[in-house]
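Below is query-v7.pdb, holding PDB, C-alpha atoms, pLDDT in the B column.
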ATOM      1  CA  MET Q   7     -10.912 -28.344   8.276  1.00 63.00           C
ATOM      2  CA  THR Q   8      -9.495 -25.095   6.887  1.00 74.00           C
ATOM      3  CA  HIS Q   9     -11.666 -23.290   4.358  1.00 89.00           C
ATOM      4  CA  ILE Q  10     -10.106 -21.052   1.716  1.00 95.00           C
ATOM      5  CA  ILE Q  11     -12.404 -18.068   1.261  1.00 96.00           C
ATOM      6  CA  GLU Q  12     -12.463 -15.052  -1.023  1.00 96.00           C
ATOM      7  CA  ARG Q  13     -13.075 -11.383  -0.399  1.00 96.00           C
ATOM      8  CA  GLU Q  14     -16.865 -11.486  -0.690  1.00 96.00           C
ATOM      9  CA  ALA Q  15     -17.105 -14.204   1.941  1.00 95.00           C
ATOM     10  CA  VAL Q  16     -14.839 -12.240   4.271  1.00 95.00           C
ATOM     11  CA  GLN Q  17     -17.098  -9.217   3.865  1.00 94.00           C
ATOM     12  CA  GLU Q  18     -20.170 -11.295   4.661  1.00 93.00           C
ATOM     13  CA  LEU Q  19     -18.598 -12.673   7.821  1.00 90.00           C
ATOM     14  CA  LEU Q  20     -17.545  -9.189   8.906  1.00 88.00           C
ATOM     15  CA  ASP Q  21     -20.972  -7.732   8.168  1.00 89.00           C
ATOM     16  CA  THR Q  22     -22.646 -10.288  10.403  1.00 88.00           C
ATOM     17  CA  GLY Q  23     -20.174  -9.590  13.198  1.00 86.00           C
ATOM     18  CA  GLU Q  24     -19.512 -13.291  13.603  1.00 84.00           C
ATOM     19  CA  ALA Q  25     -15.908 -13.505  12.477  1.00 90.00           C
ATOM     20  CA  GLN Q  26     -12.695 -12.832  14.341  1.00 95.00           C
ATOM     21  CA  LEU Q  27     -10.237 -11.372  11.860  1.00 96.00           C
ATOM     22  CA  VAL Q  28      -6.544 -12.034  12.451  1.00 97.00           C
ATOM     23  CA  GLU Q  29      -3.547 -10.724  10.507  1.00 97.00           C
ATOM     24  CA  VAL Q  30      -0.577 -13.022  11.017  1.00 97.00           C
ATOM     25  CA  LEU Q  31       2.098 -10.719   9.580  1.00 98.00           C
ATOM     26  CA  PRO Q  32       4.697  -8.898  11.713  1.00 97.00           C
ATOM     27  CA  GLU Q  33       3.514  -5.809  13.585  1.00 97.00           C
ATOM     28  CA  PRO Q  34       5.137  -3.224  11.249  1.00 98.00           C
ATOM     29  CA  GLU Q  35       3.234  -4.665   8.288  1.00 98.00           C
ATOM     30  CA  TYR Q  36       0.035  -4.725  10.326  1.00 98.00           C
ATOM     31  CA  ALA Q  37       0.564  -1.081  11.332  1.00 98.00           C
ATOM     32  CA  TRP Q  38       1.050  -0.109   7.663  1.00 98.00           C
ATOM     33  CA  ALA Q  39      -2.412  -1.331   6.680  1.00 98.00           C
ATOM     34  CA  HIS Q  40      -4.832  -3.937   7.919  1.00 98.00           C
ATOM     35  CA  LEU Q  41      -8.454  -4.909   7.427  1.00 97.00           C
ATOM     36  CA  PRO Q  42     -10.962  -3.086   9.653  1.00 95.00           C
ATOM     37  CA  ARG Q  43     -11.146  -4.467  13.200  1.00 93.00           C
ATOM     38  CA  ALA Q  44      -8.450  -7.055  12.514  1.00 96.00           C
ATOM     39  CA  ARG Q  45      -6.193  -7.982  15.409  1.00 95.00           C
ATOM     40  CA  ASN Q  46      -2.515  -8.785  14.988  1.00 96.00           C
ATOM     41  CA  VAL Q  47      -1.151 -12.166  16.067  1.00 95.00           C
ATOM     42  CA  PRO Q  48       2.076 -12.880  14.139  1.00 96.00           C
ATOM     43  CA  LEU Q  49       2.382 -16.523  13.182  1.00 95.00           C
ATOM     44  CA  TRP Q  50       5.364 -17.212  15.452  1.00 94.00           C
ATOM     45  CA  GLN Q  51       3.339 -15.971  18.429  1.00 92.00           C
ATOM     46  CA  LEU Q  52       0.408 -18.254  17.682  1.00 92.00           C
ATOM     47  CA  ASP Q  53       0.755 -20.583  20.643  1.00 90.00           C
ATOM     48  CA  ARG Q  54      -1.804 -21.827  23.153  1.00 87.00           C
ATOM     49  CA  ALA Q  55      -1.527 -18.647  25.195  1.00 86.00           C
ATOM     50  CA  ALA Q  56      -2.251 -16.434  22.173  1.00 84.00           C
ATOM     51  CA  ALA Q  57      -5.098 -18.691  21.138  1.00 84.00           C
ATOM     52  CA  THR Q  58      -6.854 -17.996  24.438  1.00 88.00           C
ATOM     53  CA  THR Q  59      -7.466 -14.437  23.227  1.00 90.00           C
ATOM     54  CA  LEU Q  60      -9.709 -15.870  20.483  1.00 92.00           C
ATOM     55  CA  ASP Q  61     -13.166 -17.373  20.956  1.00 91.00           C
ATOM     56  CA  PRO Q  62     -13.139 -21.000  19.731  1.00 90.00           C
ATOM     57  CA  ALA Q  63     -16.913 -20.906  19.302  1.00 89.00           C
ATOM     58  CA  ARG Q  64     -16.738 -18.190  16.633  1.00 91.00           C
ATOM     59  CA  PRO Q  65     -15.289 -18.343  13.095  1.00 93.00           C
ATOM     60  CA  VAL Q  66     -11.695 -17.153  12.729  1.00 95.00           C
ATOM     61  CA  VAL Q  67     -10.454 -15.600   9.474  1.00 97.00           C
ATOM     62  CA  VAL Q  68      -6.678 -15.429   9.074  1.00 97.00           C
ATOM     63  CA  TYR Q  69      -4.850 -13.560   6.337  1.00 98.00           C
ATOM     64  CA  CYS Q  70      -1.398 -12.332   5.402  1.00 98.00           C
ATOM     65  CA  HIS Q  71       0.002 -10.207   2.544  1.00 98.00           C
ATOM     66  CA  ASP Q  72      -1.026 -11.778  -0.766  1.00 97.00           C
ATOM     67  CA  ALA Q  73      -1.523 -15.056  -2.613  1.00 96.00           C
ATOM     68  CA  LEU Q  74       2.212 -15.786  -2.574  1.00 97.00           C
ATOM     69  CA  CYS Q  75       2.457 -15.470   1.203  1.00 97.00           C
ATOM     70  CA  ASP Q  76       2.179 -18.789   3.061  1.00 97.00           C
ATOM     71  CA  LEU Q  77       1.743 -17.414   6.584  1.00 98.00           C
ATOM     72  CA  SER Q  78      -2.047 -17.550   6.570  1.00 97.00           C
ATOM     73  CA  PRO Q  79      -2.395 -21.210   5.527  1.00 97.00           C
ATOM     74  CA  ARG Q  80       0.222 -22.130   8.098  1.00 97.00           C
ATOM     75  CA  ALA Q  81      -1.631 -20.119  10.740  1.00 96.00           C
ATOM     76  CA  ALA Q  82      -4.936 -21.731   9.777  1.00 96.00           C
ATOM     77  CA  HIS Q  83      -3.501 -25.211  10.250  1.00 96.00           C
ATOM     78  CA  ARG Q  84      -1.919 -24.113  13.512  1.00 95.00           C
ATOM     79  CA  LEU Q  85      -5.290 -22.928  14.836  1.00 95.00           C
ATOM     80  CA  GLU Q  86      -6.861 -26.222  13.888  1.00 94.00           C
ATOM     81  CA  ARG Q  87      -4.133 -27.991  15.819  1.00 93.00           C
ATOM     82  CA  LEU Q  88      -5.038 -25.801  18.806  1.00 93.00           C
ATOM     83  CA  GLY Q  89      -8.644 -26.949  18.668  1.00 91.00           C
ATOM     84  CA  PHE Q  90     -10.403 -24.342  16.537  1.00 93.00           C
ATOM     85  CA  THR Q  91     -13.032 -25.862  14.272  1.00 92.00           C
ATOM     86  CA  GLN Q  92     -14.209 -22.848  12.218  1.00 93.00           C
ATOM     87  CA  VAL Q  93     -11.020 -21.590  10.574  1.00 95.00           C
ATOM     88  CA  HIS Q  94     -11.032 -19.651   7.302  1.00 96.00           C
ATOM     89  CA  ASP Q  95      -7.988 -18.647   5.271  1.00 98.00           C
ATOM     90  CA  TYR Q  96      -8.370 -15.464   3.202  1.00 98.00           C
ATOM     91  CA  GLY Q  97      -5.735 -16.752   0.822  1.00 97.00           C
ATOM     92  CA  LEU Q  98      -5.462 -13.699  -1.444  1.00 97.00           C
ATOM     93  CA  GLY Q  99      -4.535 -11.565   1.547  1.00 98.00           C
ATOM     94  CA  LYS Q 100      -4.799  -7.902   2.328  1.00 98.00           C
ATOM     95  CA  MET Q 101      -3.446  -6.730  -1.031  1.00 98.00           C
ATOM     96  CA  ASP Q 102      -6.545  -8.225  -2.633  1.00 98.00           C
ATOM     97  CA  TRP Q 103      -8.668  -6.258  -0.152  1.00 98.00           C
ATOM     98  CA  LEU Q 104      -6.781  -3.003  -0.702  1.00 98.00           C
ATOM     99  CA  SER Q 105      -6.839  -3.440  -4.484  1.00 97.00           C
ATOM    100  CA  ALA Q 106     -10.621  -3.679  -4.300  1.00 96.00           C
ATOM    101  CA  ASP Q 107     -10.822  -0.124  -2.903  1.00 97.00           C
ATOM    102  CA  LEU Q 108     -12.191  -1.305   0.436  1.00 96.00           C
ATOM    103  CA  PRO Q 109     -11.742   0.467   3.795  1.00 95.00           C
ATOM    104  CA  TYR Q 110      -8.631  -0.221   5.823  1.00 97.00           C
ATOM    105  CA  GLU Q 111      -6.904   0.892   8.989  1.00 97.00           C
ATOM    106  CA  GLY Q 112      -3.256   1.903   9.383  1.00 97.00           C
ATOM    107  CA  HIS Q 113      -0.883   4.650   8.315  1.00 97.00           C
ATOM    108  CA  ALA Q 114      -0.496   3.643   4.659  1.00 97.00           C
ATOM    109  CA  ALA Q 115      -1.044   6.519   2.208  1.00 97.00           C
ATOM    110  CA  LEU Q 116      -2.709   4.767  -0.704  1.00 97.00           C
ATOM    111  CA  VAL Q 117      -4.249   5.997  -3.936  1.00 97.00           C
ATOM    112  CA  SER Q 118      -7.684   5.014  -2.627  1.00 96.00           C
ATOM    113  CA  GLN Q 119      -7.470   7.979  -0.237  1.00 94.00           C
ATOM    114  CA  THR Q 120      -7.132  10.622  -2.940  1.00 95.00           C
ATOM    115  CA  VAL Q 121      -8.474   9.119  -6.165  1.00 96.00           C
ATOM    116  CA  ARG Q 122     -10.857  11.402  -8.016  1.00 95.00           C
ATOM    117  CA  ARG Q 123     -14.033   9.384  -8.471  1.00 95.00           C
ATOM    118  CA  ASP Q 124     -15.885  11.688 -10.887  1.00 94.00           C
ATOM    119  CA  PRO Q 125     -13.719  11.842 -14.037  1.00 96.00           C
ATOM    120  CA  VAL Q 126     -15.179  12.591 -17.437  1.00 96.00           C
ATOM    121  CA  THR Q 127     -16.306   9.278 -18.915  1.00 96.00           C
ATOM    122  CA  ALA Q 128     -17.537   8.143 -22.288  1.00 95.00           C
ATOM    123  CA  VAL Q 129     -18.886   4.959 -23.795  1.00 96.00           C
ATOM    124  CA  LEU Q 130     -17.417   3.465 -26.931  1.00 96.00           C
ATOM    125  CA  ASP Q 131     -20.077   4.781 -29.329  1.00 95.00           C
ATOM    126  CA  ASP Q 132     -20.158   8.357 -28.021  1.00 94.00           C
ATOM    127  CA  PRO Q 133     -19.392  10.909 -30.767  1.00 92.00           C
ATOM    128  CA  LEU Q 134     -16.328  13.029 -30.104  1.00 91.00           C
ATOM    129  CA  GLY Q 135     -18.379  16.151 -30.682  1.00 88.00           C
ATOM    130  CA  SER Q 136     -20.348  15.483 -27.508  1.00 87.00           C
ATOM    131  CA  LEU Q 137     -17.157  14.960 -25.500  1.00 91.00           C
ATOM    132  CA  THR Q 138     -14.955  17.832 -26.569  1.00 91.00           C
ATOM    133  CA  GLU Q 139     -16.421  20.548 -24.358  1.00 90.00           C
ATOM    134  CA  ARG Q 140     -16.488  18.287 -21.293  1.00 93.00           C
ATOM    135  CA  ILE Q 141     -12.855  17.280 -21.795  1.00 93.00           C
ATOM    136  CA  ILE Q 142     -11.675  20.859 -22.287  1.00 91.00           C
ATOM    137  CA  ALA Q 143     -13.625  22.078 -19.249  1.00 93.00           C
ATOM    138  CA  ASP Q 144     -12.351  19.333 -16.960  1.00 94.00           C
ATOM    139  CA  PRO Q 145      -9.190  19.992 -14.878  1.00 92.00           C
ATOM    140  CA  ALA Q 146      -7.645  16.720 -16.039  1.00 94.00           C
ATOM    141  CA  GLY Q 147      -8.369  17.418 -19.719  1.00 93.00           C
ATOM    142  CA  LEU Q 148      -9.057  13.726 -20.115  1.00 94.00           C
ATOM    143  CA  ALA Q 149     -11.984  11.375 -20.662  1.00 96.00           C
ATOM    144  CA  VAL Q 150     -11.944   7.717 -19.709  1.00 97.00           C
ATOM    145  CA  VAL Q 151     -13.671   5.437 -22.204  1.00 97.00           C
ATOM    146  CA  VAL Q 152     -15.471   2.423 -20.744  1.00 97.00           C
ATOM    147  CA  ASP Q 153     -17.555  -0.386 -22.188  1.00 97.00           C
ATOM    148  CA  GLU Q 154     -21.012  -1.563 -21.125  1.00 96.00           C
ATOM    149  CA  ASP Q 155     -19.491  -3.359 -18.124  1.00 97.00           C
ATOM    150  CA  ASP Q 156     -17.629  -0.207 -16.980  1.00 97.00           C
ATOM    151  CA  VAL Q 157     -14.312  -1.815 -17.945  1.00 97.00           C
ATOM    152  CA  VAL Q 158     -11.743   0.755 -19.057  1.00 98.00           C
ATOM    153  CA  GLN Q 159     -10.982   0.628 -22.779  1.00 97.00           C
ATOM    154  CA  GLY Q 160      -8.892   3.752 -23.306  1.00 96.00           C
ATOM    155  CA  VAL Q 161      -8.568   7.504 -22.766  1.00 96.00           C
ATOM    156  CA  ILE Q 162      -9.109  10.601 -24.847  1.00 95.00           C
ATOM    157  CA  GLY Q 163      -7.120  13.760 -24.179  1.00 91.00           C
ATOM    158  CA  SER Q 164      -5.953  16.810 -26.085  1.00 87.00           C
ATOM    159  CA  ARG Q 165      -3.589  14.692 -28.177  1.00 86.00           C
ATOM    160  CA  GLU Q 166      -6.439  12.494 -29.405  1.00 89.00           C
ATOM    161  CA  LEU Q 167      -8.741  15.476 -30.019  1.00 88.00           C
ATOM    162  CA  LYS Q 168      -6.221  17.379 -32.106  1.00 86.00           C
ATOM    163  CA  GLY Q 169      -7.356  17.237 -35.721  1.00 79.00           C
ATOM    164  CA  ALA Q 170      -9.867  14.492 -34.942  1.00 80.00           C
ATOM    165  CA  ASP Q 171     -13.151  14.048 -36.798  1.00 87.00           C
ATOM    166  CA  LEU Q 172     -15.757  15.180 -34.289  1.00 85.00           C
ATOM    167  CA  ASP Q 173     -18.298  12.858 -35.904  1.00 86.00           C
ATOM    168  CA  ALA Q 174     -16.066   9.877 -35.110  1.00 90.00           C
ATOM    169  CA  THR Q 175     -16.730   7.700 -32.089  1.00 94.00           C
ATOM    170  CA  ALA Q 176     -14.835   7.626 -28.837  1.00 94.00           C
ATOM    171  CA  GLU Q 177     -13.683   4.100 -29.676  1.00 94.00           C
ATOM    172  CA  SER Q 178     -12.036   5.195 -32.901  1.00 93.00           C
ATOM    173  CA  ALA Q 179     -10.195   8.091 -31.250  1.00 92.00           C
ATOM    174  CA  MET Q 180      -9.220   6.674 -27.861  1.00 94.00           C
ATOM    175  CA  ARG Q 181      -5.693   5.769 -26.846  1.00 92.00           C
ATOM    176  CA  LEU Q 182      -5.621   2.117 -25.861  1.00 93.00           C
ATOM    177  CA  SER Q 183      -2.348   2.346 -23.953  1.00 87.00           C
ATOM    178  CA  ALA Q 184      -3.824   4.098 -20.936  1.00 87.00           C
ATOM    179  CA  THR Q 185      -1.716   3.607 -17.811  1.00 88.00           C
ATOM    180  CA  THR Q 186      -3.727   2.107 -14.961  1.00 96.00           C
ATOM    181  CA  VAL Q 187      -2.997   1.407 -11.298  1.00 97.00           C
ATOM    182  CA  ARG Q 188      -4.912  -0.181  -8.435  1.00 98.00           C
ATOM    183  CA  PRO Q 189      -6.290   1.681  -5.399  1.00 98.00           C
ATOM    184  CA  SER Q 190      -3.682  -0.158  -3.305  1.00 97.00           C
ATOM    185  CA  GLU Q 191      -0.761   1.758  -4.855  1.00 97.00           C
ATOM    186  CA  GLU Q 192       1.294   3.782  -2.394  1.00 97.00           C
ATOM    187  CA  ILE Q 193       1.054   7.449  -3.334  1.00 96.00           C
ATOM    188  CA  ASP Q 194       4.719   8.404  -2.878  1.00 95.00           C
ATOM    189  CA  ALA Q 195       6.027   5.573  -5.045  1.00 96.00           C
ATOM    190  CA  LEU Q 196       3.424   6.265  -7.731  1.00 96.00           C
ATOM    191  CA  VAL Q 197       4.241   9.978  -7.820  1.00 96.00           C
ATOM    192  CA  GLN Q 198       7.913   9.162  -8.348  1.00 96.00           C
ATOM    193  CA  ARG Q 199       7.070   6.877 -11.266  1.00 95.00           C
ATOM    194  CA  MET Q 200       4.741   9.455 -12.792  1.00 94.00           C
ATOM    195  CA  ASP Q 201       7.385  12.178 -12.475  1.00 95.00           C
ATOM    196  CA  LYS Q 202       9.936   9.955 -14.178  1.00 94.00           C
ATOM    197  CA  ALA Q 203       7.536   9.058 -16.983  1.00 92.00           C
ATOM    198  CA  LYS Q 204       6.294  12.673 -17.270  1.00 92.00           C
ATOM    199  CA  VAL Q 205       2.692  11.519 -16.799  1.00 91.00           C
ATOM    200  CA  ASP Q 206       0.196  13.850 -15.123  1.00 93.00           C
ATOM    201  CA  HIS Q 207      -2.709  11.431 -14.660  1.00 95.00           C
ATOM    202  CA  VAL Q 208      -3.257   7.699 -14.401  1.00 96.00           C
ATOM    203  CA  VAL Q 209      -6.510   5.783 -14.480  1.00 97.00           C
ATOM    204  CA  VAL Q 210      -7.361   3.842 -11.327  1.00 98.00           C
ATOM    205  CA  THR Q 211      -9.124   0.513 -11.826  1.00 98.00           C
ATOM    206  CA  HIS Q 212     -10.159  -2.531  -9.881  1.00 97.00           C
ATOM    207  CA  GLN Q 213      -8.456  -5.840 -10.599  1.00 94.00           C
ATOM    208  CA  ASP Q 214     -11.173  -6.688 -13.121  1.00 95.00           C
ATOM    209  CA  GLY Q 215     -10.488  -3.504 -15.092  1.00 96.00           C
ATOM    210  CA  THR Q 216     -13.579  -1.617 -13.960  1.00 97.00           C
ATOM    211  CA  LEU Q 217     -13.154   2.087 -13.392  1.00 98.00           C
ATOM    212  CA  VAL Q 218     -12.504   3.579  -9.963  1.00 98.00           C
ATOM    213  CA  GLY Q 219     -11.392   7.051 -11.036  1.00 97.00           C
ATOM    214  CA  LEU Q 220      -8.384   9.202 -11.885  1.00 97.00           C
ATOM    215  CA  PHE Q 221      -5.254  10.002  -9.922  1.00 97.00           C
ATOM    216  CA  GLY Q 222      -3.341  13.156 -10.806  1.00 94.00           C
ATOM    217  CA  LEU Q 223      -0.062  14.581  -9.567  1.00 91.00           C
ATOM    218  CA  GLY Q 224      -2.000  17.587  -8.327  1.00 83.00           C
ATOM    219  CA  ASP Q 225      -4.077  15.303  -6.127  1.00 74.00           C
ATOM    220  CA  ALA Q 226      -0.964  14.252  -4.231  1.00 68.00           C
ATOM    221  CA  ARG Q 227       0.685  17.654  -3.889  1.00 53.00           C
ATOM    222  CA  PRO Q 228      -0.668  20.607  -1.929  1.00 50.00           C
ATOM    223  CA  PRO Q 229      -1.108  23.774  -4.007  1.00 46.00           C
ATOM    224  CA  GLN Q 230       1.838  26.121  -3.923  1.00 43.00           C
ATOM    225  CA  THR Q 231       1.545  29.369  -1.995  1.00 40.00           C
ATOM    226  CA  GLU Q 232       3.308  32.604  -2.921  1.00 46.00           C
ATOM    227  CA  SER Q 233       5.942  31.918  -0.267  1.00 45.00           C
ATOM    228  CA  ASP Q 234       6.572  28.465  -1.778  1.00 48.00           C
ATOM    229  CA  GLN Q 235       7.130  30.096  -5.142  1.00 44.00           C
ATOM    230  CA  GLY Q 236       9.736  32.390  -3.690  1.00 42.00           C
TER     231      GLY Q 236
END

Translate this file's structure into structure tokens.
Amino acid sequence: MTHIIEREAVQELLDTGEAQLVEVLPEPEYAWAHLPRARNVPLWQLDRAAATTLDPARPVVVYCHDALCDLSPRAAHRLERLGFTQVHDYGLGKMDWLSADLPYEGHAALVSQTVRRDPVTAVLDDPLGSLTERIIADPAGLAVVVDEDDVVQGVIGSRELKGADLDATAESAMRLSATTVRPSEEIDALVQRMDKAKVDHVVVTHQDGTLVGLFGLGDARPPQTESDQG
């Protein structure tokens, strides 16, 4: 019987070294990014000959792209048909893994590679007076406001500090409309969107809204040399 499992269970199986991890997407998608130590057996190649490369005595975890992709449940049922008895379907797929800021293999250039993990942070009740110097001294000129669960609530930058009451709290001054992205964002596409929107920094969060860090345009572009500047 196929078992649908979530990310934490996949991690446990990988940590014990028991599981055989199989991505059933086409090779180009596997080469872009895949879970550590995963092998690639595209669904349409999953015949009896391919199955002999797997150990039927060990658990097999299959996955594809995301929750909308049906290749992994189809592969799981195929493996059962071929005689495997410990088959697990990581139904949320590799985008769930990448969005969680977990290690991966492949040539994908994702935000997780360059995110700045030490931004200025504040809690909701912090007075602005205690934040101002830290914000001004920080290269991003920005503080991320989080609640007691480390879930992002807003940001405070120079615009919010201008004319603000320094005795006010971070919650009263923060901008709620902070743009956030996941660690799984491709850098090139994100930079294009940021350029178009004239945004220098975006907050990086996990899927549950907890803070990962900050991504800035300067993090994705090498510093200019004198020759670059003409």

Discussion item. Using all atoms listed in the file for the distances, tell me which of Q:Asp53, Q:Asp61, Q:Asp21, Q:Asp102 is nearest to Arg87 (chain Q).
Written reply: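 Of Q:Asp53, Q:Asp61, Q:Asp21, Q:Asp102, the one nearest Arg87 (chain Q) is Q:Asp53, counting all atoms listed in the file.
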
Closest of Q:Ala81, Q:Ala39, Q:Leu116, Q:Val28 to Ala195 (chain Q), counting all atoms listed in the file, is Q:Leu116

Find the residues around Arg165 (chain Q) up to 12 Å (all atoms listed in the file counted), leave out those fewer than 3 positions away in its own chain, and share them as a ChimeraX atom specification. /Q:138,141-142,147-149,161-162,168-170,179-181

Would you save the residues from that selection as a PDB file, in the coordinates of the input, using C-alpha atoms?
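Output file again37.pdb is given in full below:
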ATOM      1  CA  THR Q 138     -14.955  17.832 -26.569  1.00 91.00           C
ATOM      2  CA  ILE Q 141     -12.855  17.280 -21.795  1.00 93.00           C
ATOM      3  CA  ILE Q 142     -11.675  20.859 -22.287  1.00 91.00           C
ATOM      4  CA  GLY Q 147      -8.369  17.418 -19.719  1.00 93.00           C
ATOM      5  CA  LEU Q 148      -9.057  13.726 -20.115  1.00 94.00           C
ATOM      6  CA  ALA Q 149     -11.984  11.375 -20.662  1.00 96.00           C
ATOM      7  CA  VAL Q 161      -8.568   7.504 -22.766  1.00 96.00           C
ATOM      8  CA  ILE Q 162      -9.109  10.601 -24.847  1.00 95.00           C
ATOM      9  CA  LYS Q 168      -6.221  17.379 -32.106  1.00 86.00           C
ATOM     10  CA  GLY Q 169      -7.356  17.237 -35.721  1.00 79.00           C
ATOM     11  CA  ALA Q 170      -9.867  14.492 -34.942  1.00 80.00           C
ATOM     12  CA  ALA Q 179     -10.195   8.091 -31.250  1.00 92.00           C
ATOM     13  CA  MET Q 180      -9.220   6.674 -27.861  1.00 94.00           C
ATOM     14  CA  ARG Q 181      -5.693   5.769 -26.846  1.00 92.00           C
TER      15      ARG Q 181
END

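CA of Gly135 (chain Q) is positioned 8.0 Å from CA of Ala174 (chain Q).
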
- Task: Report as a list in words the residues that result from applying the PyMOL selection byres ((chain Q and resi 10) around 10) to the structure here.
- Result: Met7, Thr8, His9, Ile11, Glu12, Ala15, Val67, Val68, Pro79, Ala82, Val93, His94, Asp95, Tyr96, Gly97 and Leu98 of chain Q

- [ ] Starting from the shown file, work through the PyMOL selection byres ((chain Q and resi 132) around 6) and note down what comes out as a list in words.
- [x] Val129, Leu130, Asp131, Pro133, Thr175 and Ala176 of chain Q

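Comparing Q:Asp156, Q:Asp206, Q:Asp225, Q:Glu191 by their smallest distance to Val117 (chain Q), the closest is Q:Glu191 (using all atoms listed in the file).
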
Query - For Gln92 (chain Q): contacts at 8 Å, only C-alpha atoms, fewer than 6 positions along chain excluded, given as a list in words - result: Met7, Thr8, Pro62, Ala63, Arg64, Pro65 and Val66 of chain Q

Inset, instruction - Any chance you could resolve the PyMOL selection byres ((chain Q and resi 88) around 10) against this file and give the residues as a PyMOL selection string? - result: chain Q and resi 52-54+57-58+62+82-87+89-91

*asked:* Please compute the CA of His71 (chain Q)-CA of Leu31 (chain Q) distance, one decimal, in Å.
replied: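 According to the coordinates, CA of His71 (chain Q) and CA of Leu31 (chain Q) are separated by 7.4 Å.
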
With a distance cut-off of 10 Å and only C-alpha atoms, select the neighbouring residues of Leu196 (chain Q), excluding the residue or stretch itself and same-chain residues fewer than 5 positions from it, and output the selection as a compact mmCIF listing (two decimals) with C-alpha atoms, keeping the file's coordinate frame.
# COMPACT_ATOMS: atom_id res chain seq x y z
CA LEU Q 116 -2.71 4.77 -0.70
CA VAL Q 117 -4.25 6.00 -3.94
CA VAL Q 187 -3.00 1.41 -11.30
CA GLU Q 191 -0.76 1.76 -4.86
CA ASP Q 201 7.38 12.18 -12.48
CA LYS Q 202 9.94 9.96 -14.18
CA VAL Q 208 -3.26 7.70 -14.40
CA PHE Q 221 -5.25 10.00 -9.92
CA LEU Q 223 -0.06 14.58 -9.57
CA ALA Q 226 -0.96 14.25 -4.23

Excluding same-chain residues fewer than 2 positions from Pro34 (chain Q), what lies within 12 Å of it counting only C-alpha atoms, as JSON, numbers by chain?
-> {"Q": [29, 30, 31, 32, 36, 37, 38, 39, 40, 46, 47, 48, 112, 113, 114]}

Students should find that CA of Asp107 (chain Q) and CA of Gln119 (chain Q) are spaced 9.2 Å

query: Could you tell me, as a PyMOL selection string, which residues have any atom at most 10 Å from (-18.8, -0.6, -22.8), counting only C-alpha atoms?
result: chain Q and resi 128-131+151-159+177

Counting all atoms listed in the file, the residue among Q:Leu172, Q:Ala73, Q:Ala184, Q:Leu41 that lies closest to Leu20 (chain Q) is Q:Leu41

Counting all atoms listed in the file, figure out which residue out of Q:Arg123, Q:Arg80, Q:Arg45, Q:Arg13 gets nearest to Val210 (chain Q).
->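 Going through Q:Arg123, Q:Arg80, Q:Arg45, Q:Arg13 one by one, the smallest distance to Val210 (chain Q) is for Q:Arg123.
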
**Prompt:** With only C-alpha atoms as the basis for distance, which of Q:Ala56, Q:Val16, Q:Leu167, Q:Val150 is at the shortest distance from Trp103 (chain Q)?
**Reply:**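 Ranked by minimum distance to Trp103 (chain Q), first place goes to Q:Val16.
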
Axis-aligned box for all listed atoms of region 137-145 of chain Q, 5 Å per side, centre and edges in Å to one decimal, as JSON:
{"center_x": -13.2, "center_y": 18.5, "center_z": -20.7, "size_x": 18.0, "size_y": 17.1, "size_z": 21.7}
